[in-house]
>>> print(open('entry05.cif').read())   # mmCIF, C-alpha atoms
data_query
#
loop_
_atom_site.label_atom_id
_atom_site.label_comp_id
_atom_site.auth_asym_id
_atom_site.auth_seq_id
_atom_site.Cartn_x
_atom_site.Cartn_y
_atom_site.Cartn_z
CA MET D 1 -36.60 1.06 -12.41
CA ARG D 2 -38.42 -1.03 -9.82
CA ARG D 3 -37.71 -0.67 -6.12
CA GLN D 4 -37.76 -3.86 -4.03
CA THR D 5 -40.11 -3.28 -1.08
CA ALA D 6 -41.97 -5.35 1.47
CA THR D 7 -45.16 -5.05 -0.60
CA SER D 8 -43.55 -6.82 -3.54
CA GLY D 9 -42.44 -9.75 -1.41
CA PHE D 10 -38.92 -8.58 -0.63
CA ASN D 11 -37.55 -6.89 2.46
CA PRO D 12 -35.26 -3.91 1.98
CA ALA D 13 -31.68 -4.31 3.16
CA GLY D 14 -32.07 -1.97 6.10
CA SER D 15 -34.95 -3.83 7.75
CA GLY D 16 -33.56 -6.55 10.00
CA ARG D 17 -31.37 -9.50 9.06
CA VAL D 18 -33.14 -10.62 5.89
CA LEU D 19 -32.27 -9.38 2.41
CA ARG D 20 -33.72 -11.15 -0.60
CA LEU D 21 -33.21 -9.66 -4.02
CA ASP D 22 -34.58 -11.25 -7.15
CA PRO D 23 -31.75 -11.51 -9.71
CA HIS D 24 -34.25 -11.85 -12.57
CA SER D 25 -35.84 -8.45 -11.95
CA LEU D 26 -32.83 -6.24 -12.68
CA PRO D 27 -32.35 -3.30 -12.40
CA ILE D 28 -32.79 -3.25 -8.63
CA SER D 29 -32.38 -0.30 -6.29
CA TYR D 30 -32.06 -0.79 -2.52
CA HIS D 31 -30.39 0.57 0.60
CA ALA D 32 -27.60 -1.24 2.46
CA HIS D 33 -25.67 -0.68 5.67
CA ASP D 34 -22.45 1.37 5.34
CA THR D 35 -20.50 2.30 8.48
CA ARG D 36 -18.53 5.12 6.84
CA ALA D 37 -21.49 6.85 5.16
CA ASP D 38 -23.57 9.59 6.76
CA GLY D 39 -26.59 8.00 8.38
CA GLY D 40 -24.97 4.57 8.01
CA VAL D 41 -26.80 3.86 4.73
CA ARG D 42 -25.83 3.78 1.08
CA GLN D 43 -28.04 3.35 -1.96
CA ILE D 44 -27.15 0.58 -4.41
CA GLU D 45 -28.42 0.18 -7.96
CA LEU D 46 -27.74 -3.18 -9.59
CA HIS D 47 -27.85 -3.56 -13.36
CA ARG D 48 -26.65 -6.47 -15.50
CA GLU D 49 -23.50 -4.64 -16.64
CA ARG D 50 -22.89 -2.06 -13.90
CA VAL D 51 -23.37 -1.19 -10.24
CA VAL D 52 -23.99 2.34 -8.96
CA LEU D 53 -23.24 3.17 -5.30
CA ARG D 54 -24.54 6.43 -3.86
CA ARG D 55 -23.62 7.67 -0.40
CA ALA D 56 -22.66 10.79 1.49
CA VAL D 57 -19.47 10.99 3.56
CA GLN D 58 -19.06 14.02 5.85
CA GLY D 59 -21.71 15.90 3.93
CA MET D 60 -20.17 15.25 0.51
CA ARG D 61 -22.45 13.25 -1.75
CA MET D 62 -20.80 10.84 -4.15
CA SER D 63 -21.79 8.35 -6.77
CA VAL D 64 -19.51 5.48 -7.79
CA ASN D 65 -20.25 3.76 -11.09
CA LEU D 66 -18.56 0.33 -11.39
CA ARG D 67 -18.64 -2.30 -14.11
CA VAL D 68 -19.71 -5.76 -12.96
CA ARG D 69 -16.60 -7.29 -14.50
CA ASP D 70 -14.46 -5.15 -12.13
CA PHE D 71 -15.68 -7.30 -9.24
CA LEU D 72 -13.69 -10.39 -8.25
CA GLY D 73 -16.68 -12.71 -7.89
CA VAL D 74 -19.57 -13.82 -5.69
CA ALA D 75 -18.77 -15.12 -2.21
CA LEU D 76 -20.44 -16.47 0.92
CA ARG D 77 -19.85 -14.72 4.23
CA GLY D 78 -21.04 -15.80 7.65
CA ILE D 79 -22.51 -13.28 10.09
CA ASP D 80 -23.60 -14.73 13.47
CA GLU D 81 -26.16 -17.45 12.65
CA ALA D 82 -27.05 -16.02 9.22
CA GLN D 83 -25.12 -16.18 5.96
CA MET D 84 -24.70 -13.55 3.30
CA VAL D 85 -24.03 -13.67 -0.45
CA VAL D 86 -21.87 -10.72 -1.50
CA LEU D 87 -20.43 -9.29 -4.69
CA VAL D 88 -16.72 -9.01 -3.80
CA HIS D 89 -14.53 -6.11 -4.91
CA ARG D 90 -10.80 -5.56 -4.30
CA ASP D 91 -11.71 -2.58 -2.16
CA PRO D 92 -13.67 -4.00 0.82
CA SER D 93 -15.75 -0.81 1.10
CA LEU D 94 -17.18 -1.52 -2.38
CA THR D 95 -18.30 -5.08 -1.58
CA ILE D 96 -22.08 -5.35 -2.05
CA PRO D 97 -24.54 -7.60 -0.18
CA LEU D 98 -26.89 -9.53 -2.45
CA CYS D 99 -28.71 -11.91 -0.10
CA VAL D 100 -28.85 -12.36 3.68
CA SER D 101 -30.72 -15.27 5.20
CA GLU D 102 -30.57 -18.00 7.83
CA ASP D 103 -31.90 -20.64 5.41
CA ALA D 104 -28.95 -22.63 3.99
CA ASP D 105 -30.90 -23.83 0.92
CA GLU D 106 -31.95 -20.30 0.02
CA ILE D 107 -28.36 -19.05 0.38
CA ALA D 108 -27.00 -21.87 -1.81
CA HIS D 109 -29.63 -21.17 -4.49
CA ALA D 110 -28.94 -17.41 -4.42
CA PHE D 111 -25.18 -18.06 -4.55
CA LEU D 112 -25.56 -20.02 -7.80
CA MET D 113 -28.06 -17.63 -9.37
CA TRP D 114 -26.04 -14.45 -8.75
CA SER D 115 -22.84 -16.09 -9.95
CA ASP D 116 -24.49 -17.27 -13.17
CA LEU D 117 -26.25 -13.96 -13.78
CA PHE D 118 -23.09 -11.84 -13.53
CA ALA D 119 -20.85 -14.57 -15.07
CA LEU D 120 -18.44 -14.19 -12.15
CA PRO D 121 -16.60 -16.97 -10.32
CA GLN D 122 -17.80 -18.37 -7.02
CA LEU D 123 -15.21 -17.47 -4.42
CA SER D 124 -14.47 -19.55 -1.36
CA ASP D 125 -14.24 -18.10 2.13
CA GLU D 126 -11.43 -15.54 2.34
CA ALA D 127 -10.33 -16.68 5.80
CA ASP D 128 -8.87 -19.89 4.31
CA GLU D 129 -6.91 -18.17 1.56
CA GLU D 130 -3.54 -16.54 1.89
CA PRO D 131 -3.12 -13.07 0.45
CA ALA D 132 -1.69 -12.89 -3.04
CA PRO D 133 2.05 -12.25 -3.21
CA ARG D 134 3.05 -8.68 -3.80
CA ARG D 135 3.31 -7.86 -7.43
CA ARG D 136 6.82 -7.14 -8.69
CA ARG D 137 7.06 -3.69 -10.18
CA ARG D 138 9.97 -4.36 -12.49
CA ASN D 139 10.14 -4.81 -16.17
CA VAL D 140 12.33 -7.12 -18.21
CA LEU D 141 15.07 -4.52 -18.66
CA HIS D 142 15.49 -3.65 -14.98
CA GLN D 143 19.14 -4.85 -14.89
CA ARG D 144 20.21 -3.03 -18.03
CA ARG D 145 22.55 -0.10 -17.65
CA PRO D 146 20.99 3.31 -18.31
CA SER D 147 21.90 4.84 -21.66
CA PHE D 148 23.95 7.68 -20.16
CA LEU D 149 26.15 5.10 -18.43
CA MET D 150 26.61 3.21 -21.69
CA ARG D 151 28.62 6.17 -23.09
CA ARG D 152 31.06 6.12 -20.15
CA ARG D 153 34.02 3.80 -19.94
CA ILE D 154 34.18 1.53 -16.97
CA GLY D 155 37.32 2.40 -14.99
CA ALA D 156 37.56 -0.69 -12.81
CA LEU D 157 37.75 -3.16 -15.66
CA LEU D 158 40.91 -2.49 -17.63
CA ASP D 159 42.20 -4.83 -20.24
CA ALA D 160 45.17 -6.72 -18.70
CA ALA D 161 46.80 -7.29 -22.12
CA SER D 162 47.38 -3.56 -22.72
CA ILE D 163 49.54 -3.01 -19.59
CA HIS D 164 53.29 -3.55 -20.07
CA ARG D 165 55.40 -3.48 -16.92
CA GLY D 166 59.15 -3.76 -16.79
CA GLU D 167 59.60 -3.03 -20.48
CA ARG D 168 60.99 -0.03 -22.23
CA GLU D 169 58.87 1.92 -24.57
CA ILE D 170 60.05 2.67 -28.05
CA ILE D 171 58.73 5.83 -29.51
CA ALA D 172 59.22 6.32 -33.23
CA ARG D 173 59.20 9.82 -34.57
CA GLU D 174 59.23 10.39 -38.24
#
>>> encode(input="entry05.cif", output="structure tokens")
Amino acid sequence: MRRQTATSGFNPAGSGRVLRLDPHSLPISYHAHDTRADGGVRQIELHRERVVLRRAVQGMRMSVNLRVRDFLGVALRGIDEAQMVVLVHRDPSLTIPLCVSEDADEIAHAFLMWSDLFALPQLSDEADEEPAPRRRRRNVLHQRRPSFLMRRRIGALLDAASIHRGEREIIARE
């Protein structure tokens, strides 16, 4: 596994505002900023089919192994005057930075390359989108009566034809 360092032409994620990873030299291992982790840093390993996140939270070390297809897509995010290409996950704490730069052409090129490499969709800015509607947690049979109620007779609905008022009953005994 090759580590991306300043000597190989790339700056690590923790050094300033520039992060340039080469998508053609996978697997890549680098450090990224994480506000909830101890020391504010987490280690990220990118492979073609999976992503491994390693961090320590309150002294407990953890490693999260995710498949690339579990991510929603590749998106552009703006931070101050720079832009960032990120691998977006449903859980915002698992979103991974891929490229940070102030050069618009470089960001556009990285956006296309990372999207093609992982075969994930290019997502638009999340600020313009409305959240997805809440998923209904019912199945097709949600209005069906439970089986124990099917054995009981319904008392409120009596057959009107079986009630005889004002008539005399004839009882035949044999």
>>> closest_residue(input="entry05.cif", among="D:Met60, D:Ala32, D:Leu26, D:Leu94", to="D:His47", atoms="only C-alpha atoms")
D:Leu26
>>> residues_around(input="entry05.cif", residues="D:Ser63", least_positions_apart="2", cutoff="12 Å", atoms="all atoms listed in the file", output="VMD selection string")
chain D and resid 42 to 45 51 to 57 60 to 61 65 to 66 94
>>> closest_atom_pairs(input="entry05.cif", of="stretch 53-96 of chain D", to="stretch 17-25 of chain D", cutoff="12 Å", atoms="all atoms listed in the file", output="JSON lines")
{"residue": "D:Ile79", "atom": "CA", "partner": "D:Arg17", "partner_atom": "CA", "distance": 9.7}
{"residue": "D:Asp80", "atom": "CA", "partner": "D:Arg17", "partner_atom": "CA", "distance": 10.4}
{"residue": "D:Glu81", "atom": "CA", "partner": "D:Arg17", "partner_atom": "CA", "distance": 10.2}
{"residue": "D:Ala82", "atom": "CA", "partner": "D:Arg17", "partner_atom": "CA", "distance": 7.8}
{"residue": "D:Gln83", "atom": "CA", "partner": "D:Arg17", "partner_atom": "CA", "distance": 9.7}
{"residue": "D:Met84", "atom": "CA", "partner": "D:Leu19", "partner_atom": "CA", "distance": 8.7}
{"residue": "D:Val85", "atom": "CA", "partner": "D:Leu19", "partner_atom": "CA", "distance": 9.7}
{"residue": "D:Val86", "atom": "CA", "partner": "D:Leu19", "partner_atom": "CA", "distance": 11.2}
{"residue": "D:Ile96", "atom": "CA", "partner": "D:Leu19", "partner_atom": "CA", "distance": 11.8}
>>> write_last_selection(input="entry05.cif", atoms="C-alpha atoms", output="PDB file, in the coordinates of the input")
ATOM      1  CA  ILE D  79     -22.510 -13.280  10.090  1.00  0.00           C
ATOM      2  CA  ASP D  80     -23.600 -14.730  13.470  1.00  0.00           C
ATOM      3  CA  GLU D  81     -26.160 -17.450  12.650  1.00  0.00           C
ATOM      4  CA  ALA D  82     -27.050 -16.020   9.220  1.00  0.00           C
ATOM      5  CA  GLN D  83     -25.120 -16.180   5.960  1.00  0.00           C
ATOM      6  CA  MET D  84     -24.700 -13.550   3.300  1.00  0.00           C
ATOM      7  CA  VAL D  85     -24.030 -13.670  -0.450  1.00  0.00           C
ATOM      8  CA  VAL D  86     -21.870 -10.720  -1.500  1.00  0.00           C
ATOM      9  CA  ILE D  96     -22.080  -5.350  -2.050  1.00  0.00           C
TER      10      ILE D  96
END
>>> atom_distance(input="entry05.cif", atom1="atom CA of D:Cys99", atom2="atom CA of D:Met62")
24.4 Å
>>> atom_distance(input="entry05.cif", atom1="atom CA of D:Pro121", atom2="atom CA of D:Asp70")
12.1 Å
>>> resolve_selection(input="entry05.cif", expression="the PyMOL selection byres ((chain D and resi 89) around 12)", output="list in words")
Val51, Leu66, Arg67, Val68, Arg69, Asp70, Phe71, Leu72, Gly73, Val74, Ala75, Val86, Leu87, Val88, Arg90, Asp91, Pro92, Ser93, Leu94, Thr95, Ile96, Pro97, Leu120 and Leu123 of chain D
